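Asker: So I've got this file, query_25.txt, and it contains compact mmCIF, C-alpha atoms:
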```
# COMPACT_ATOMS: atom_id res chain seq x y z
CA MET H 9 0.00 0.00 0.00
CA THR H 10 1.42 3.42 -0.91
CA ALA H 11 0.71 6.93 0.30
CA GLN H 12 -1.77 9.06 -1.58
CA GLN H 13 -1.00 12.54 -2.91
CA ASN H 14 2.18 12.93 -0.86
CA THR H 15 4.24 15.84 -2.07
CA SER H 16 7.51 17.50 -1.18
CA LEU H 17 6.72 21.03 -0.10
CA ALA H 18 10.32 22.19 0.02
CA SER H 19 12.23 20.83 -2.95
CA PHE H 20 15.89 21.22 -2.10
CA THR H 21 18.55 19.27 -3.99
CA GLY H 22 22.29 19.39 -4.31
CA ASP H 23 25.13 20.37 -2.03
CA ALA H 24 25.13 23.48 0.08
CA ASN H 25 28.21 25.65 -0.06
CA PRO H 26 31.12 24.55 2.14
CA TYR H 27 31.09 26.21 5.56
CA GLY H 28 32.88 29.54 5.23
CA GLY H 29 32.78 30.80 8.80
CA GLY H 30 30.31 32.84 10.83
CA ASP H 31 26.75 31.77 11.50
CA PRO H 32 26.41 28.23 10.07
CA TYR H 33 22.65 28.74 9.67
CA ALA H 34 23.07 31.88 7.52
CA ASP H 35 22.73 29.84 4.30
CA TYR H 36 20.40 27.16 5.69
CA ARG H 37 17.62 26.33 3.25
CA THR H 38 14.08 26.13 4.60
CA ALA H 39 10.48 26.99 3.73
CA ASP H 40 7.11 27.57 5.36
CA LEU H 41 5.63 24.14 6.20
CA PRO H 42 1.95 24.40 7.15
CA PHE H 43 1.76 20.96 8.79
CA THR H 44 4.10 22.11 11.60
CA GLN H 45 0.98 23.40 13.38
CA TYR H 46 0.48 19.79 14.51
CA ALA H 47 2.31 18.15 17.40
CA ASN H 48 5.62 16.35 16.82
CA LEU H 49 4.75 12.68 17.33
CA ALA H 50 8.46 11.85 17.40
CA ASP H 51 9.07 14.01 20.47
CA ARG H 52 11.31 12.41 23.09
CA GLN H 53 9.14 14.04 25.76
CA LEU H 54 6.22 11.91 24.52
CA GLY H 55 8.39 8.78 24.69
CA ALA H 56 9.68 8.54 21.12
CA GLY H 57 12.95 6.77 20.41
CA VAL H 58 15.23 5.55 17.64
CA VAL H 59 15.19 1.86 18.46
CA ALA H 60 17.68 0.59 15.86
CA ALA H 61 19.81 1.49 12.85
CA ASN H 62 21.90 -0.62 10.52
CA ASP H 63 24.87 1.78 10.73
CA GLU H 64 25.86 4.78 12.86
CA PHE H 65 29.61 4.80 12.30
CA PHE H 66 30.15 8.58 12.37
CA ALA H 67 27.22 9.87 14.45
CA GLN H 68 24.63 8.25 16.68
CA ARG H 69 21.05 7.55 15.58
CA GLU H 70 19.63 9.06 18.80
CA ASN H 71 20.61 12.54 17.59
CA LEU H 72 17.71 12.40 15.12
CA LEU H 73 15.17 13.18 17.86
CA VAL H 74 17.08 15.77 19.90
CA PRO H 75 14.55 18.60 20.39
CA GLU H 76 16.98 21.47 19.80
CA PRO H 77 18.28 22.44 16.35
CA ALA H 78 21.49 20.71 15.31
CA GLU H 79 24.71 22.45 16.32
CA PHE H 80 27.91 22.72 14.31
CA ASP H 81 31.45 22.96 15.67
CA PRO H 82 33.95 23.23 12.79
CA GLU H 83 36.86 22.27 15.09
CA HIS H 84 35.30 19.14 16.61
CA PHE H 85 36.99 16.00 15.26
CA GLY H 86 37.26 12.56 16.80
CA HIS H 87 39.05 9.28 16.05
CA LYS H 88 36.58 8.49 13.25
CA GLY H 89 36.58 11.94 11.67
CA LYS H 90 34.38 15.04 11.86
CA VAL H 91 31.92 14.83 14.76
CA MET H 92 28.42 15.74 13.51
CA ASP H 93 25.24 16.45 15.46
CA GLY H 94 22.99 14.00 13.64
CA TRP H 95 22.86 10.41 12.38
CA GLU H 96 25.67 9.68 9.93
CA THR H 97 26.67 6.38 8.32
CA ARG H 98 29.93 5.37 6.64
CA ARG H 99 30.39 5.69 2.87
CA ARG H 100 29.07 2.69 0.98
CA ARG H 101 31.23 0.96 -1.63
CA GLY H 102 30.54 -1.35 -4.53
CA ALA H 103 31.37 -5.01 -4.90
CA SER H 104 34.64 -4.75 -6.85
CA ALA H 105 37.23 -2.50 -8.43
CA GLU H 106 35.27 -2.76 -11.68
CA GLN H 107 32.04 -1.77 -9.86
CA PRO H 108 33.16 0.50 -6.99
CA TRP H 109 29.86 2.36 -6.74
CA PRO H 110 26.86 1.51 -4.50
CA THR H 111 23.91 -0.12 -6.23
CA GLU H 112 20.51 1.49 -6.68
CA GLU H 113 19.15 -0.72 -3.91
CA ASP H 114 21.82 0.17 -1.32
CA HIS H 115 20.54 2.21 1.62
CA ASP H 116 20.88 2.74 5.37
CA TRP H 117 17.90 2.65 7.72
CA ALA H 118 16.73 3.65 11.18
CA LEU H 119 13.63 2.46 13.07
CA ILE H 120 11.73 5.11 15.02
CA ARG H 121 9.10 4.46 17.68
CA LEU H 122 6.63 7.35 17.77
CA GLY H 123 6.04 8.81 21.22
CA ALA H 124 2.31 8.75 20.60
CA PRO H 125 0.65 6.75 17.80
CA GLY H 126 -1.32 8.82 15.35
CA VAL H 127 -2.15 10.06 11.86
CA ILE H 128 0.88 11.72 10.26
CA ARG H 129 0.33 15.02 8.43
CA GLY H 130 3.90 15.91 7.53
CA ILE H 131 7.54 14.91 7.93
CA VAL H 132 10.72 17.01 7.98
CA VAL H 133 14.03 15.34 7.16
CA ASP H 134 16.53 17.98 8.25
CA THR H 135 20.06 17.81 6.83
CA ALA H 136 21.38 20.87 8.70
CA HIS H 137 25.21 21.10 8.49
CA PHE H 138 25.40 18.05 6.22
CA ARG H 139 26.56 20.05 3.22
CA GLY H 140 28.38 17.47 1.11
CA ASN H 141 27.70 14.32 3.13
CA TYR H 142 23.89 14.17 3.12
CA PRO H 143 21.98 11.30 1.42
CA GLN H 144 21.18 11.52 -2.26
CA ALA H 145 17.57 10.61 -1.48
CA VAL H 146 15.36 9.60 1.44
CA SER H 147 12.19 7.58 1.92
CA VAL H 148 9.94 6.99 4.92
CA GLU H 149 7.59 4.09 5.70
CA GLY H 150 5.11 3.63 8.53
CA ALA H 151 3.76 0.59 10.37
CA SER H 152 1.20 -0.05 13.09
CA VAL H 153 2.42 -2.67 15.54
CA ALA H 154 0.76 -3.24 18.91
CA GLY H 155 2.64 -3.43 22.17
CA SER H 156 6.38 -2.81 22.50
CA PRO H 157 7.98 -4.70 19.59
CA SER H 158 11.72 -5.34 19.43
CA PRO H 159 13.76 -4.29 16.37
CA GLU H 160 13.74 -7.93 15.24
CA GLU H 161 9.95 -8.05 15.44
CA LEU H 162 9.62 -4.81 13.49
CA LEU H 163 11.86 -6.17 10.74
CA ALA H 164 9.96 -9.46 10.47
CA ASP H 165 8.40 -10.37 7.14
CA ASP H 166 4.83 -10.22 8.49
CA VAL H 167 5.00 -6.49 9.37
CA LYS H 168 3.22 -4.35 6.77
CA TRP H 169 5.03 -1.11 5.92
CA THR H 170 3.19 1.73 4.18
CA THR H 171 5.11 4.25 2.07
CA LEU H 172 4.63 7.75 3.48
CA VAL H 173 7.43 9.48 1.59
CA PRO H 174 8.53 7.74 -1.63
CA ARG H 175 12.20 7.79 -2.53
CA THR H 176 12.86 11.48 -3.14
CA ALA H 177 16.02 13.49 -3.80
CA VAL H 178 16.91 15.91 -0.99
CA GLY H 179 19.33 18.76 -0.49
CA GLY H 180 22.16 19.31 1.93
CA HIS H 181 21.92 21.79 4.83
CA ALA H 182 18.15 22.05 4.35
CA ALA H 183 14.78 21.35 5.97
CA ASN H 184 13.31 18.88 3.47
CA GLY H 185 9.55 18.87 4.10
CA PHE H 186 6.98 16.33 2.95
CA ALA H 187 3.19 16.49 3.32
CA VAL H 188 1.52 13.15 4.08
CA ALA H 189 -2.07 12.38 3.15
CA THR H 190 -2.42 8.78 4.36
CA GLU H 191 -5.36 8.42 6.76
CA GLN H 192 -3.96 5.65 8.93
CA ARG H 193 -2.71 5.27 12.49
CA PHE H 194 1.02 4.52 12.79
CA THR H 195 3.19 3.50 15.74
CA HIS H 196 6.61 3.16 14.05
CA LEU H 197 8.56 4.61 11.12
CA ARG H 198 11.40 3.31 8.99
CA LEU H 199 13.61 6.11 7.70
CA LYS H 200 15.88 5.23 4.78
CA GLN H 201 18.73 7.22 3.30
CA HIS H 202 19.90 6.25 -0.19
CA PRO H 203 22.65 5.15 -0.41
CA ASP H 204 24.28 6.57 2.75
CA GLY H 205 25.14 9.87 4.46
CA GLY H 206 23.88 11.99 7.29
CA ILE H 207 20.59 13.42 8.59
CA ALA H 208 20.57 15.91 11.45
CA ARG H 209 16.99 15.76 12.72
CA LEU H 210 13.66 14.04 12.03
CA ARG H 211 10.32 15.66 12.87
CA VAL H 212 6.99 13.84 12.45
CA TYR H 213 3.93 16.09 12.69
CA GLY H 214 0.43 14.74 13.16
CA GLU H 215 -2.60 14.03 15.34
CA VAL H 216 -2.47 11.60 18.25
CA VAL H 217 -4.93 8.69 18.02
CA PRO H 218 -4.99 6.99 21.45
CA ASP H 219 -5.96 3.41 22.23
CA PRO H 220 -9.57 3.52 23.50
CA ALA H 221 -9.11 0.30 25.48
CA TRP H 222 -6.26 1.92 27.44
CA LEU H 223 -8.26 5.07 28.22
CA THR H 224 -11.27 2.98 29.29
CA ALA H 225 -9.04 0.97 31.63
CA LEU H 226 -7.67 4.19 33.16
CA GLY H 227 -11.18 5.46 33.89
CA THR H 228 -10.26 8.98 35.01
CA PHE H 229 -7.46 10.58 32.97
CA ASP H 230 -6.34 13.92 31.53
CA VAL H 231 -8.76 14.46 28.64
CA VAL H 232 -6.76 17.34 27.12
CA ALA H 233 -3.28 15.74 27.33
CA LEU H 234 -1.41 15.50 24.04
CA GLU H 235 -0.49 11.86 24.67
CA ASN H 236 -4.20 11.03 25.16
CA GLY H 237 -5.34 12.73 21.96
CA GLY H 238 -5.97 16.32 23.04
CA GLN H 239 -4.69 19.14 20.88
CA VAL H 240 -4.35 22.91 20.67
CA GLU H 241 -6.63 24.46 18.05
CA ASP H 242 -5.71 28.12 18.43
CA ALA H 243 -4.07 30.64 20.74
CA SER H 244 -4.00 34.41 21.05
CA ASN H 245 -0.23 34.74 21.19
CA LEU H 246 2.80 32.50 20.59
CA PHE H 247 5.56 35.06 20.97
CA TYR H 248 7.85 33.19 23.35
CA SER H 249 6.78 29.55 23.22
CA PRO H 250 4.22 27.19 21.64
CA ALA H 251 0.84 26.63 23.27
CA THR H 252 1.24 22.86 22.77
CA ASN H 253 3.73 22.91 25.64
CA THR H 254 0.80 23.22 28.05
CA ILE H 255 -0.44 19.69 27.27
CA GLN H 256 2.94 17.93 27.11
CA PRO H 257 3.65 15.07 29.56
CA GLY H 258 5.14 15.77 32.97
CA ARG H 259 5.84 19.04 34.70
CA SER H 260 7.68 21.87 33.01
CA ARG H 261 11.47 21.65 33.44
CA LYS H 262 12.37 25.26 32.63
CA MET H 263 10.69 28.53 31.71
CA ASP H 264 10.47 27.97 27.95
CA ASP H 265 8.90 24.54 28.52
CA GLY H 266 5.55 26.28 29.14
CA TRP H 267 3.51 28.92 27.30
CA GLU H 268 4.42 32.59 27.69
CA THR H 269 2.99 35.58 25.81
CA ARG H 270 4.44 38.99 25.10
CA ARG H 271 3.55 41.85 27.46
CA ARG H 272 0.16 43.36 26.68
CA ARG H 273 -0.27 47.13 26.52
CA ASP H 274 -4.04 47.08 26.02
CA ARG H 275 -7.11 46.01 28.06
CA GLY H 276 -7.37 42.51 26.52
CA ASN H 277 -6.27 39.08 27.67
CA ASP H 278 -4.59 35.98 26.24
CA TRP H 279 -6.07 32.51 25.71
CA ILE H 280 -5.63 29.00 24.31
CA GLN H 281 -8.41 26.88 22.77
CA TYR H 282 -8.15 23.08 22.94
CA ARG H 283 -9.95 20.11 21.43
CA LEU H 284 -10.39 17.27 23.92
CA VAL H 285 -9.66 13.63 23.05
CA ASP H 286 -13.43 13.29 22.50
CA ARG H 287 -16.65 14.22 24.32
CA SER H 288 -15.79 14.05 28.01
CA GLN H 289 -16.93 14.76 31.55
CA ILE H 290 -14.42 17.02 33.31
CA ARG H 291 -14.31 16.77 37.12
CA ALA H 292 -11.07 18.50 38.12
CA VAL H 293 -8.72 21.17 36.76
CA GLU H 294 -5.00 21.69 37.30
CA ILE H 295 -3.17 24.84 36.20
CA ASP H 296 0.58 24.88 36.74
CA THR H 297 2.82 27.95 36.53
CA ALA H 298 6.09 26.08 37.20
CA TYR H 299 9.22 28.15 36.43
CA LEU H 300 7.12 31.21 35.57
CA LYS H 301 8.09 33.44 38.49
CA GLY H 302 7.93 37.07 37.42
CA ASN H 303 5.89 36.38 34.30
CA SER H 304 3.11 33.97 35.29
CA ALA H 305 -0.52 34.73 34.51
CA GLY H 306 -2.15 37.01 37.08
CA TRP H 307 -5.51 35.25 36.91
CA ALA H 308 -6.92 32.36 34.90
CA SER H 309 -10.34 30.93 34.02
CA VAL H 310 -11.42 27.76 32.21
CA SER H 311 -14.43 27.37 29.91
CA VAL H 312 -15.92 24.34 28.11
CA LYS H 313 -18.17 23.99 25.08
CA ASP H 314 -20.06 20.93 23.78
CA GLY H 315 -19.69 20.55 19.99
CA GLU H 316 -18.31 22.92 17.36
CA GLU H 317 -21.41 25.10 17.53
CA GLY H 318 -21.83 24.92 21.29
CA GLU H 319 -21.63 27.95 23.57
CA TRP H 320 -18.76 28.51 25.96
CA ARG H 321 -19.60 27.90 29.64
CA GLU H 322 -17.24 29.01 32.38
CA VAL H 323 -16.46 26.07 34.69
CA LEU H 324 -13.62 27.70 36.65
CA PRO H 325 -14.16 31.41 37.28
CA ARG H 326 -11.34 33.92 37.05
CA THR H 327 -8.96 32.82 39.81
CA ARG H 328 -5.72 34.33 41.15
CA MET H 329 -2.58 32.50 40.02
CA GLN H 330 0.59 32.30 42.09
CA PRO H 331 4.06 32.19 40.47
CA ASP H 332 5.82 28.82 40.14
CA THR H 333 2.84 26.98 41.67
CA ASN H 334 0.59 24.06 40.78
CA HIS H 335 -3.09 25.03 41.33
CA ARG H 336 -5.74 22.29 41.74
CA PHE H 337 -9.52 22.69 41.60
CA VAL H 338 -12.32 20.12 42.01
CA LEU H 339 -15.38 21.22 40.02
CA PRO H 340 -18.71 21.31 41.91
CA GLU H 341 -20.25 19.21 39.10
CA ALA H 342 -18.92 17.46 36.02
CA ALA H 343 -18.61 19.69 32.95
CA VAL H 344 -19.47 17.90 29.68
CA GLY H 345 -17.86 19.07 26.47
CA THR H 346 -15.65 18.51 23.45
CA HIS H 347 -13.53 21.67 23.66
CA ALA H 348 -11.92 23.71 26.41
CA ARG H 349 -10.43 27.17 26.68
CA VAL H 350 -8.12 28.71 29.24
CA ASP H 351 -8.06 32.51 29.52
CA ILE H 352 -5.22 34.25 31.35
CA TYR H 353 -5.36 37.84 32.58
CA PRO H 354 -3.93 40.06 31.41
CA ASP H 355 -0.93 38.20 29.92
CA GLY H 356 2.05 36.11 31.02
CA GLY H 357 1.91 32.36 30.93
CA ILE H 358 1.12 28.94 32.34
CA SER H 359 3.26 25.82 32.04
CA ARG H 360 0.61 23.07 32.05
CA LEU H 361 -3.18 22.61 31.91
CA ARG H 362 -4.70 19.33 33.10
CA LEU H 363 -8.39 18.48 32.78
CA PHE H 364 -9.17 15.27 34.64
CA GLY H 365 -12.29 13.33 33.73
CA SER H 366 -13.56 10.48 31.58
CA LEU H 367 -15.15 9.91 28.20
CA THR H 368 -18.90 10.08 27.89
CA GLU H 369 -20.63 7.00 26.46
CA ASP H 370 -20.96 8.57 23.01
CA GLY H 371 -17.43 9.97 23.20
CA SER H 372 -16.06 6.52 23.94
CA ALA H 373 -18.02 4.99 21.05
CA HIS H 374 -16.85 7.67 18.60
CA LEU H 375 -13.20 7.28 19.63
CA ALA H 376 -13.39 3.48 19.29
CA ALA H 377 -14.92 3.79 15.81
CA ARG H 378 -12.19 6.20 14.65
CA HIS H 379 -9.47 3.99 16.09
CA GLN H 380 -10.81 1.00 14.12
CA GLU H 381 -11.28 3.05 10.95
CA LEU H 382 -7.62 4.14 11.06
CA GLY H 383 -6.39 0.57 11.42
CA GLY H 384 -5.64 0.68 15.14
```
Kindly return the structure encoded in the file as structure tokens.

Answerer:
Amino acid sequence: MTAQQNTSLASFTGDANPYGGGDPYADYRTADLPFTQYANLADRQLGAGVVAANDEFFAQRENLLVPEPAEFDPEHFGHKGKVMDGWETRRRRGASAEQPWPTEEDHDWALIRLGAPGVIRGIVVDTAHFRGNYPQAVSVEGASVAGSPSPEELLADDVKWTTLVPRTAVGGHAANGFAVATEQRFTHLRLKQHPDGGIARLRVYGEVVPDPAWLTALGTFDVVALENGGQVEDASNLFYSPATNTIQPGRSRKMDDGWETRRRRDRGNDWIQYRLVDRSQIRAVEIDTAYLKGNSAGWASVSVKDGEEGEWREVLPRTRMQPDTNHRFVLPEAAVGTHARVDIYPDGGISRLRLFGSLTEDGSAHLAARHQELGG
């Protein structure tokens, strides 16, 4: 089975210029990629990992998922050669002196476990700083495998791999972006570089599709959490950090691991709108301002609406926030809805929002049907 209508949005090919000093990103090639509005399903914070690779002679496979942009140190050399911040394999060779070149079929591969299974909307294969040592082409396949399979199990003949990005030429020192239009739930990816070379980072953008059986077993859970299928739909301001940070797993670890807005100079307020995993009953709210000490929200409120055309109902009235503090509230009665909104006054930030509850009967049925439809 192959992907449908998958296109490269940023068509970069060929070498970048050799590094000439100064800012190494000055000549970095990139483009506007609309699918980056979605969450990165290959985020280490969600539990993603590079579980295997056939070769990582020059640079380790784990670098692919490092959250920060790749760094370049022109003076950093080791026993094997130039040390690169990415995944880099040795140069392939042919079978003989008469045929010293790699074959068309030669390639290196890495297996990636997504942090949260889901529908993939776009992929970025970033070759930052790989100027003359990037792959000639890349391809990406996806599979849906239950449980926690080993590399050997993923490579078994009975695993069905779906082409998400067909073999496509890429450029060096560039963000090579690919839109994906395959409506299917995936748990793992196989990234191939043809025939060899280096890739700095891999980003996999999409929508989380959780396992309904797991959520049912949990009973009460965070119905807006990214790992459970919640997502940010819109926000008033993203000046300092993305709103998606507020529904990431765990507590914030530093100031930019939350959501912070620019300083307002008007009489308005800032807000984030979320879509819940599905129709839910919310019983408790948690708003954390960890690491936001002189810039936390002054006050916050939470509203819920039921359906796209529903009206917003305030379930937590405007409440004073303390800096660097986790605030917990038990609602007087369960609030039923499909969407939530947090308003902060007048500006500032929060690090996390948690909405604890459970799926309604129809919400559970709808989620189970979608999970089955997407091949889960």

Asker: Nearest residue to Ala50 in chain H out of H:Ala233, H:Ala136, H:Ala183, H:Leu210, using only C-alpha atoms?

Answerer: H:Leu210

Asker: Extract, using all atoms listed in the file, all DNA, RNA and protein residues at most 10 Å from Asp264 in chain H, discarding same-chain residues fewer than 5 positions from it, and format them as a list of chain:residue names.

Answerer: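 So the residues in contact are H:Tyr248, H:Ser249, H:Pro250, H:Asn253, H:Tyr299, H:Leu300, H:Ser359.
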
Asker: Go ahead and dump the residues you just picked, C-alpha atoms, as a compact mmCIF listing (two decimals), in the frame of the given file.

Answerer:
```
# COMPACT_ATOMS: atom_id res chain seq x y z
CA TYR H 248 7.85 33.19 23.35
CA SER H 249 6.78 29.55 23.22
CA PRO H 250 4.22 27.19 21.64
CA ASN H 253 3.73 22.91 25.64
CA TYR H 299 9.22 28.15 36.43
CA LEU H 300 7.12 31.21 35.57
CA SER H 359 3.26 25.82 32.04
```

Asker: Write out as an MDAnalysis selection string the residues lying within 9 Å of Val59 in chain H, counting only C-alpha atoms and excluding same-chain residues fewer than 5 positions away.

Answerer: chainID H and resid 69:70 118:121 158:159

Asker: Between H:Asn141, H:Gln256, H:Thr333, H:Asn236, which has the minimum distance to Asp296 in chain H (counting all atoms listed in the file)?

Answerer: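 Result for the nearest residue to Asp296 in chain H: H:Thr333.
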
Asker: Distance CA of Ser311 in chain H-CA of Leu234 in chain H, one decimal place?

Answerer: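 It comes out at 18.6 Å.
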
Asker: Between CA of Ala376 in chain H and CA of Gly315 in chain H, what distance in Å does the model show, to one decimal?

Answerer: 18.2 Å

Asker: Measuring between only C-alpha atoms, which one of H:Arg100, H:Arg37, H:Lys88, H:Arg326 shows the shortest distance to Asp63 in chain H?

Answerer: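 Smallest distance to Asp63 in chain H is found for H:Arg100.
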
Asker: Looking at all atoms listed in the file, which of H:Asp314, H:Asp23, H:Asp114, H:Glu294 is the one that sits closest to Asp35 in chain H?

Answerer: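 Among the listed residues, the smallest separation from Asp35 in chain H belongs to H:Asp23.
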
Asker: Just the residues within 7 Å of range 280-286 of chain H, please, counting only C-alpha atoms, with nothing from its chain fewer than 4 positions along; format it as number ranges by chain.

Answerer: H: 231-232, 236-244, 251, 346-351, 367, 371, 375

Asker: Out of H:Leu41, H:Leu226, H:Val212, H:Val58, which residue has the shortest atom-to-atom distance to Phe364 in chain H when counting only C-alpha atoms?

Answerer: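 Of the candidates, the smallest distance to Phe364 in chain H is held by H:Leu226.
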
Asker: At what distance in Å, to one decimal, does CA of Ala182 in chain H lie from CA of Asn25 in chain H?

Answerer: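 Computing it gives 11.6 Å between the two atoms.
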